[in-house]
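Worksheet: the structure to be examined is printed underneath.
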Amino acid sequence: MSDGFDRAPEQTRPLRAPPSSQDNIPQQNLESAMAKPQVVVAPVLMSKLSANAPEFYPSGYSSNYTESYEDGCEDYPTLSDYVQDFLNHLTEQPGSFETEIEQFAETLNGWVTTDDALQELVELIYQQATSIPNFSYMGARLCNYLSHHLTISPQSGNFRQLLLQRCRTEYEVKDQAAKGDEVTRKRFHAFVLFLGELYLNLEIKGTNGQVTRADILQVGLRELLNALFSNPMDDNLICAVKLLKLTGSVLEDAWKEKGKTDMEEIIQRIENVVLDANCSRDVKQMLLKLVELRSSNWGRVHATSTYREATPENDPNYFMNEPTFYTSDGVPFTAADPDTWMILMMRWTQR
């Protein structure tokens, strides 16, 4: 079982710079050469440099991640070390995802050859995505890519199936976690938000080639919201607000397509929490702002209004892209301010 961790693909280490040619010159000859300048007749012909010599890298040079390890993982004793290093690299440099994910997946295909190795890969990514808040989105993107590009598909399940099984483990204890201590709730909230990112990013290809979202995650998010609202502590409610800001518009569209009124029920529940729950004033304001956001179609332009038809009355984002101006006192204002156009006219007439 352990051979999946101990065996790396047959690859070569990155080439290193050759030793300096002066290292092989005797000290006596070196001093003689410095004392008696000589005329070099044919420096190119006498040179011992080879056109096939390895590429030189200055001391301290550090190329990007894929260039450093594109030829192999021999520097890593285990799969865990290699994957964790890449996850940390993505956390620090998320912009490198597009350029390095293909090489990462190819390396994994040569290394992840057992059920245990695949399970370990899933666990490493899950832990990174739920322990580092800023990695939940990147973790979901990574999961989506690997679900389509890892070739191993053992009897225990492919990458996506094992990932969803891992999420189900946390999902089944949602009610206990939502009412647990602060540490337990914090871990639960990280799982909730990661599941929201998975719902938005995990693509499933149907038999006809169409791409859909995982319906099982849609159902799961609805039940997670129930658990959060059933235990209306401040941090639970804040998590629910974050989840709905992230996924609310997509969830409501999906429910409407099926003729469901789940979002109406959620909004009603939020209003009840605002009236009855003993949450803080700031959290109640957050909930009311969320209700307001949903009433404006989640901040989206109404489908019936084209760009030319958009007005302040039918488009909540009408003023969003307007430039910001400043008064002579440095006070900012936009087109949404009632005296904007009067100020602008005065500015133009003074020119």
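Letters for chains follow the order of the structure tokens (A, B, ...), residue numbers begin at 1 for each chain, and ligand numbers begin at 1 in the order shown.
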
Counting only C-alpha atoms, what is within 12 Å of Cys143 (chain A), bar same-chain residues fewer than 6 positions away, as a PyMOL selection string? chain A and resi 87+101+105+121-126+128-129+135-137+149-150+158-164+194-195+197-204

Near region 165-174 of chain A, within 10 Å and counting only C-alpha atoms, which residues show up once chain neighbours fewer than 3 positions away are dropped, as a compact mmCIF listing (two decimals) with N, CA and C atoms, in the first residue's frame?
# COMPACT_ATOMS: atom_id res chain seq x y z
N GLN A 119 -6.64 8.97 -1.59
CA GLN A 119 -7.29 9.42 -0.35
C GLN A 119 -6.44 10.50 0.33
N VAL A 122 -6.77 13.87 -1.50
CA VAL A 122 -8.05 14.52 -1.18
C VAL A 122 -7.97 15.18 0.20
N GLU A 123 -7.43 14.47 1.17
CA GLU A 123 -7.37 14.99 2.54
C GLU A 123 -6.47 16.22 2.63
N TYR A 126 -8.35 19.15 1.10
CA TYR A 126 -9.48 19.52 1.97
C TYR A 126 -8.98 20.30 3.19
N GLY A 157 -13.61 4.88 -5.65
CA GLY A 157 -14.18 6.11 -6.18
C GLY A 157 -13.11 7.00 -6.79
N PHE A 159 -11.54 10.90 -7.93
CA PHE A 159 -11.20 12.05 -7.09
C PHE A 159 -12.44 12.80 -6.61
N ARG A 160 -13.36 13.11 -7.51
CA ARG A 160 -14.54 13.87 -7.12
C ARG A 160 -15.41 13.10 -6.13
N GLN A 161 -15.57 11.82 -6.34
CA GLN A 161 -16.39 11.01 -5.43
C GLN A 161 -15.78 10.96 -4.03
N LEU A 162 -14.46 10.80 -3.97
CA LEU A 162 -13.81 10.77 -2.66
C LEU A 162 -13.87 12.12 -1.97
N ALA A 177 -22.06 20.55 15.27
CA ALA A 177 -21.02 21.55 15.06
C ALA A 177 -21.56 22.97 15.20
N ALA A 178 -22.78 23.21 14.72
CA ALA A 178 -23.36 24.56 14.78
C ALA A 178 -23.63 25.01 16.21
N LYS A 179 -23.79 24.08 17.11
CA LYS A 179 -24.03 24.43 18.52
C LYS A 179 -22.84 24.10 19.41
N GLY A 180 -21.71 23.76 18.79
CA GLY A 180 -20.52 23.39 19.55
C GLY A 180 -19.79 24.60 20.13
N ARG A 185 -17.19 25.54 16.02
CA ARG A 185 -17.99 26.35 15.09
C ARG A 185 -17.11 26.98 14.02
N ARG A 187 -14.34 25.85 12.75
CA ARG A 187 -14.00 24.81 11.78
C ARG A 187 -15.20 24.49 10.89
N PHE A 188 -16.37 24.47 11.48
CA PHE A 188 -17.60 24.20 10.73
C PHE A 188 -17.86 25.30 9.70
N HIS A 189 -17.64 26.55 10.09
CA HIS A 189 -17.87 27.66 9.17
C HIS A 189 -16.93 27.60 7.97
N PHE A 191 -15.76 24.90 6.66
CA PHE A 191 -16.30 23.85 5.80
C PHE A 191 -17.49 24.36 4.98
N VAL A 192 -18.36 25.12 5.62
CA VAL A 192 -19.55 25.64 4.94
C VAL A 192 -19.15 26.51 3.75
N PHE A 194 -16.27 26.57 2.14
CA PHE A 194 -15.60 25.77 1.12
C PHE A 194 -16.62 25.01 0.28
N LEU A 195 -17.66 24.49 0.92
CA LEU A 195 -18.70 23.80 0.17
C LEU A 195 -19.42 24.75 -0.78
N LEU A 217 -24.80 19.18 -3.80
CA LEU A 217 -24.26 20.29 -3.03
C LEU A 217 -25.32 21.36 -2.80
N GLY A 220 -27.24 20.17 0.05
CA GLY A 220 -26.44 20.27 1.25
C GLY A 220 -26.35 21.68 1.78
N LEU A 221 -26.20 22.66 0.90
CA LEU A 221 -26.12 24.06 1.33
C LEU A 221 -27.42 24.51 1.98
N GLU A 223 -29.45 22.66 3.74
CA GLU A 223 -29.50 22.09 5.08
C GLU A 223 -28.47 22.75 6.00
N LEU A 224 -27.35 23.15 5.47
CA LEU A 224 -26.36 23.86 6.28
C LEU A 224 -26.90 25.21 6.74
N LEU A 225 -27.62 25.89 5.87
CA LEU A 225 -28.26 27.16 6.26
C LEU A 225 -29.27 26.93 7.38
N ASN A 226 -30.02 25.83 7.28
CA ASN A 226 -30.97 25.51 8.35
C ASN A 226 -30.26 25.34 9.69
N ALA A 227 -29.12 24.64 9.65
CA ALA A 227 -28.36 24.42 10.89
C ALA A 227 -27.85 25.73 11.47
N LEU A 228 -27.40 26.63 10.61
CA LEU A 228 -26.88 27.92 11.07
C LEU A 228 -27.99 28.78 11.67

Backbone DSSP call of strand (DSSP E or B) for region 192-321 of chain A, listed as a ChimeraX atom specification: /A:204-205,211-212

Have a look at A:Ser131, A:Asn88, A:Gln155, A:Gln103 and name the one nearest to Leu118 (chain A); count only C-alpha atoms.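 Among the listed residues, the smallest separation from Leu118 (chain A) belongs to A:Gln155.
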
I'd like to know which residues of region 170-280 of chain A are helix (DSSP H, G or I) (by DSSP, run on the backbone); could you write them as an MDAnalysis selection string? chainID A and resid 170:171 174:178 182:201 215:230 234:257 262:276

To one decimal place, how far is CA of Gly110 (chain A) from CA of Asn144 (chain A) in Å? 19.1 Å

Find the spatial neighbours of Ile132 (chain A), counting only C-alpha atoms, within a cut-off of 10 Å - ignore same-chain residues fewer than 6 positions away - and output them as a list in words. Thr91, Gly139 and Ala190 of chain A

Under the rule that only C-alpha atoms are counted, which of A:Cys239, A:Leu193, A:Leu246, A:Ile216 is the nearest residue to Asn134 (chain A)?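 Of all the options, A:Leu193 lies closest to Asn134 (chain A).
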
Need to verify the contact set: Cys279 (chain A), 12 Å, only C-alpha atoms, exclusion of same-chain residues closer than 2 positions in sequence. Can you return it as a CSV table (one decimal) with N, CA, C and O atoms, in the first residue's frame?
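Output contents, as saved in result_26.csv:
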chain,number,residue,atom,x,y,z
A,229,PHE,N,-29.1,28.8,11.0
A,229,PHE,CA,-30.2,29.7,11.5
A,229,PHE,C,-30.9,29.1,12.7
A,229,PHE,O,-31.5,29.8,13.5
A,231,ASN,N,-29.4,27.9,15.1
A,231,ASN,CA,-28.5,28.2,16.3
A,231,ASN,C,-28.0,29.6,16.0
A,231,ASN,O,-26.8,29.8,15.6
A,232,PRO,N,-28.9,30.6,16.2
A,232,PRO,CA,-28.6,32.0,15.8
A,232,PRO,C,-27.6,32.8,16.7
A,232,PRO,O,-27.9,33.8,17.2
A,233,MET,N,-26.4,32.2,16.9
A,233,MET,CA,-25.3,32.9,17.5
A,233,MET,C,-24.7,33.8,16.5
A,233,MET,O,-24.8,33.6,15.3
A,234,ASP,N,-24.0,34.8,16.9
A,234,ASP,CA,-23.5,35.8,16.0
A,234,ASP,C,-22.6,35.2,14.9
A,234,ASP,O,-22.8,35.5,13.7
A,235,ASP,N,-21.7,34.4,15.3
A,235,ASP,CA,-20.8,33.8,14.2
A,235,ASP,C,-21.5,32.9,13.3
A,235,ASP,O,-21.1,32.8,12.1
A,236,ASN,N,-22.5,32.2,13.8
A,236,ASN,CA,-23.3,31.3,12.8
A,236,ASN,C,-24.0,32.2,11.8
A,236,ASN,O,-24.1,31.8,10.6
A,237,LEU,N,-24.6,33.3,12.3
A,237,LEU,CA,-25.4,34.1,11.4
A,237,LEU,C,-24.4,34.9,10.4
A,237,LEU,O,-24.8,35.0,9.2
A,238,ILE,N,-23.3,35.3,10.8
A,238,ILE,CA,-22.3,35.9,9.9
A,238,ILE,C,-21.9,34.9,8.9
A,238,ILE,O,-21.8,35.3,7.7
A,270,ILE,N,-34.8,34.7,7.9
A,270,ILE,CA,-33.9,35.8,8.3
A,270,ILE,C,-34.7,36.9,9.0
A,270,ILE,O,-34.2,37.5,10.0
A,272,ASN,N,-37.4,36.6,10.7
A,272,ASN,CA,-37.8,36.2,12.0
A,272,ASN,C,-36.6,36.3,13.0
A,272,ASN,O,-36.8,36.6,14.2
A,273,VAL,N,-35.4,36.0,12.5
A,273,VAL,CA,-34.2,36.1,13.3
A,273,VAL,C,-34.0,37.5,13.8
A,273,VAL,O,-33.7,37.8,14.9
A,274,VAL,N,-34.2,38.4,12.8
A,274,VAL,CA,-34.0,39.8,13.1
A,274,VAL,C,-34.9,40.3,14.2
A,274,VAL,O,-34.6,41.1,15.1
A,275,LEU,N,-36.1,39.8,14.2
A,275,LEU,CA,-37.2,40.2,15.1
A,275,LEU,C,-37.0,39.5,16.5
A,275,LEU,O,-37.2,40.1,17.5
A,276,ASP,N,-36.6,38.2,16.5
A,276,ASP,CA,-36.7,37.4,17.7
A,276,ASP,C,-35.3,37.0,18.3
A,276,ASP,O,-35.2,36.9,19.5
A,277,ALA,N,-34.3,36.9,17.5
A,277,ALA,CA,-33.1,36.3,18.1
A,277,ALA,C,-32.3,37.4,18.9
A,277,ALA,O,-32.5,38.6,18.7
A,281,ARG,N,-26.6,43.9,17.5
A,281,ARG,CA,-27.2,44.9,16.5
A,281,ARG,C,-26.5,44.9,15.2
A,281,ARG,O,-27.1,45.0,14.2
A,282,ASP,N,-25.1,44.7,15.2
A,282,ASP,CA,-24.4,44.7,14.0
A,282,ASP,C,-24.8,43.6,13.1
A,282,ASP,O,-24.9,43.7,11.9
A,283,VAL,N,-25.0,42.4,13.7
A,283,VAL,CA,-25.3,41.2,12.9
A,283,VAL,C,-26.7,41.4,12.3
A,283,VAL,O,-27.0,41.0,11.2
A,284,LYS,N,-27.6,42.0,13.1
A,284,LYS,CA,-29.0,42.2,12.6
A,284,LYS,C,-28.9,43.2,11.4
A,284,LYS,O,-29.7,43.0,10.4
A,285,GLN,N,-28.0,44.2,11.4
A,285,GLN,CA,-27.8,45.1,10.3
A,285,GLN,C,-27.3,44.3,9.1
A,285,GLN,O,-27.7,44.5,7.9
A,286,MET,N,-26.4,43.4,9.3
A,286,MET,CA,-25.9,42.5,8.2
A,286,MET,C,-27.0,41.7,7.6
A,286,MET,O,-27.1,41.6,6.3
A,287,LEU,N,-27.9,41.2,8.4
A,287,LEU,CA,-29.0,40.4,7.9
A,287,LEU,C,-30.0,41.3,7.1
A,287,LEU,O,-30.5,40.8,6.0

I'd like to know which of A:Val219, A:Val83, A:Ala140, A:Leu90 is closest to Ala117 (chain A), using only C-alpha atoms.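 Among the listed residues, A:Val83 lies closest to Ala117 (chain A).
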
Counting only C-alpha atoms, figure out which residue out of A:Ser296, A:Thr130, A:Leu290, A:Glu98 gets nearest to Tyr145 (chain A). A:Glu98

In terms of only C-alpha atoms, the residue from A:Ser280, A:Trp255, A:His148, A:Gly248 at minimal distance from Arg300 (chain A) is A:Gly248
